[in-house]
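Report on the structure given below.
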Amino acid sequence: MSYSTPSYLEELKSTGDFLTLTRNNEFSLESCAFTLANGTDVTVHDTGIIEFQPAQQTNKDIVLSSAVHGNETAPIEICDQLIKSIITEQLSLKQRVLFIYGNPKSINIGKRFVDENLNRLFNGHHTVEGIASNPERVRAKLLEDVVSDFFARGNQDNERFHYDLHTAIRGSKNEKFAVYPFLHGKPWKKSQLQFLLSCGVNTVLMMKSAATTFSYYSSYVHGADSFTVELGQVKPFGENDMSRFEKTKKTLTALISQESVEYKEFNAGDFELFSVYRTINRTCEDFSFPFADDVENFTGFAKGELMATDGQTRYEAEVDGEAIIFPNADVALGQRALLTVIPMQVDSNFI
């Protein structure tokens with residue numbers, strides 16, 4: 001494939017500032033390709049989508065995405081730092097890596113999304129008969145296509161990974177946690193828990209059904225080891241204490257810049273694991289929670305305690321310790337307003 005030489009190229013080469021370039025071109029960006037002095041091939045596919053291919057043979061294909069929700073700034077800043085260090089050759093790669101800023105316009109307006117939650121539009125849900133398109137639906141289709149192309153061009157023996165980096169609307173009793181997509185009967189991997197622990201994430205939520213999220217798409221369609229990784233609470237640009245993400249940044253740096261990475265020996269006691277107990281969707285305009293906006297993720301409820309009201313339907317805790325995750329009363333009708341979870345243990349389904 002041949003590329004023209006866009007006007008932004010020299011500045012991108014000198015500064016590595018792909019984030020500003022993305023924010024200045026929130027809907028589209030002329031593609032280009034160039035090679036760094038160290039032999040790494042760089043391809044700008046579109047706004048917010050940049051790929052790096054080292055000169056030498058690799059054994060991993062890695063997707064690092066952020067800004068699927070535009071107001072979740074800490075992961076954007078982590079990826080910005082990594083991209084700059086690669087382009088300015090302060091960091092040499094040993095693995096193929098695709099960086100994605102999911103929703104550039106929502107970054108610019110500082111909101112979770114513009115028209116529709118992008119993380120509810122993957123795995124084909126971007127194109128539904130009878131539902132009008134919008135920029136987020138177009139973007140979801142583009143991101144699926146780019147990820148598919150990236151994995152297809154990799155060595156078929158390569159391991160595939162996708163870490164979709166987020167921060168949560170609410171605070172959490174467990175500041176950092178990850179969501180392990182439903183694997184349709186395949187076992188969970190201890191090695192991936194070890195990776196997460198190295199990132200400073202010791203709490204993992206095991207999903208029990210298919211989803212419309214970006215991480216589920218890569219897991220289900222491409223067989224990637226894939227997670228939604230929640231790194232803390234939403235804050236505006238400039239208000240993140242980046243020292244709290246140092247373990248994550250260090251681990252991601254090692255993942256993309258080393259042929260192999262050694263993690264701490266697996267110990268089940270290092271982790272808090274939860275499985276989804278049920279999903280509560282908003283079906284009525286009159287939907288509310290009985291708890292305050294500052295009640296944290298993983299807060300547990302006593303059996304019989306009210307957890308949500310949807311019109312005339314009351315949802316009460318069915319078991320002691322049933323805990324809340326991602327409560328959001330403002331979601332669109334029909335969408336998930338709350339997950340509840342219960343603790344689980346490492347068992348024979350982990351390899």
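If you're wondering about the labels, chains in the structure tokens are A, B, ... by order shown, residues count from 1 in each chain, ligands from 1 in order shown.
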* Based on DSSP run over this structure's backbone, return all residues of region 97-331 of chain A in helix (DSSP H, G or I), as number ranges by chain. => A: 104-109, 118-120, 135-153, 190-198, 214-222, 242-257, 268-270
* Determine, counting only C-alpha atoms, which protein, DNA and RNA residues have an atom within 12 Å of an atom of region 170-178 of chain A; residues of the same chain fewer than 2 positions away are not included. Present the result as a ChimeraX atom specification. => /A:72,163-168,180-181,192-193,195-207,215,226-235,244-245,247-248,271-275,292-300,323-328
* Figure out the distance between CA of Ile87 (chain A) and CA of Tyr101 (chain A), please, to one decimal in Å. => 16.4 Å
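Every residue of region 7-56 of chain A found in strand (DSSP E) when DSSP is run on the backbone appears here: Cys32, Ala33, Phe34, Thr35, Asp41, Val42, Thr43, Val44, His45, Asp46, Ile49, Ile50, Glu51, Phe52 and Gln53 of chain A.
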Go ahead and write the residues just picked, C-alpha atoms, as a compact mmCIF listing (two decimals), in the first residue's frame.
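Contents of part-v7.txt, as written:
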```txt
# COMPACT_ATOMS: atom_id res chain seq x y z
CA CYS A 32 0.62 7.72 6.20
CA ALA A 33 3.53 5.39 6.84
CA PHE A 34 7.17 6.00 7.72
CA THR A 35 10.11 4.17 9.23
CA ASP A 41 7.63 0.86 10.71
CA VAL A 42 4.96 3.35 11.76
CA THR A 43 1.52 3.47 10.16
CA VAL A 44 -1.11 6.09 10.90
CA HIS A 45 -4.33 4.37 9.83
CA ASP A 46 -6.73 7.17 10.76
CA ILE A 49 -5.17 4.80 15.28
CA ILE A 50 -1.41 4.23 14.99
CA GLU A 51 0.51 0.99 14.48
CA PHE A 52 4.14 0.08 15.17
CA GLN A 53 5.93 -2.86 13.53
```
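Closest to Lys60 (chain A) among A:Asp80, A:Asp225, A:Glu129, A:Glu136 is A:Asp225, based on only C-alpha atoms.
Using only C-alpha atoms, the smallest distance between any of A:Asn108, A:Gln56, A:Ser92, A:Thr279 and Val341 (chain A) comes from A:Thr279.
CA of Phe237 (chain A) is positioned 11.7 Å from CA of Ile109 (chain A).
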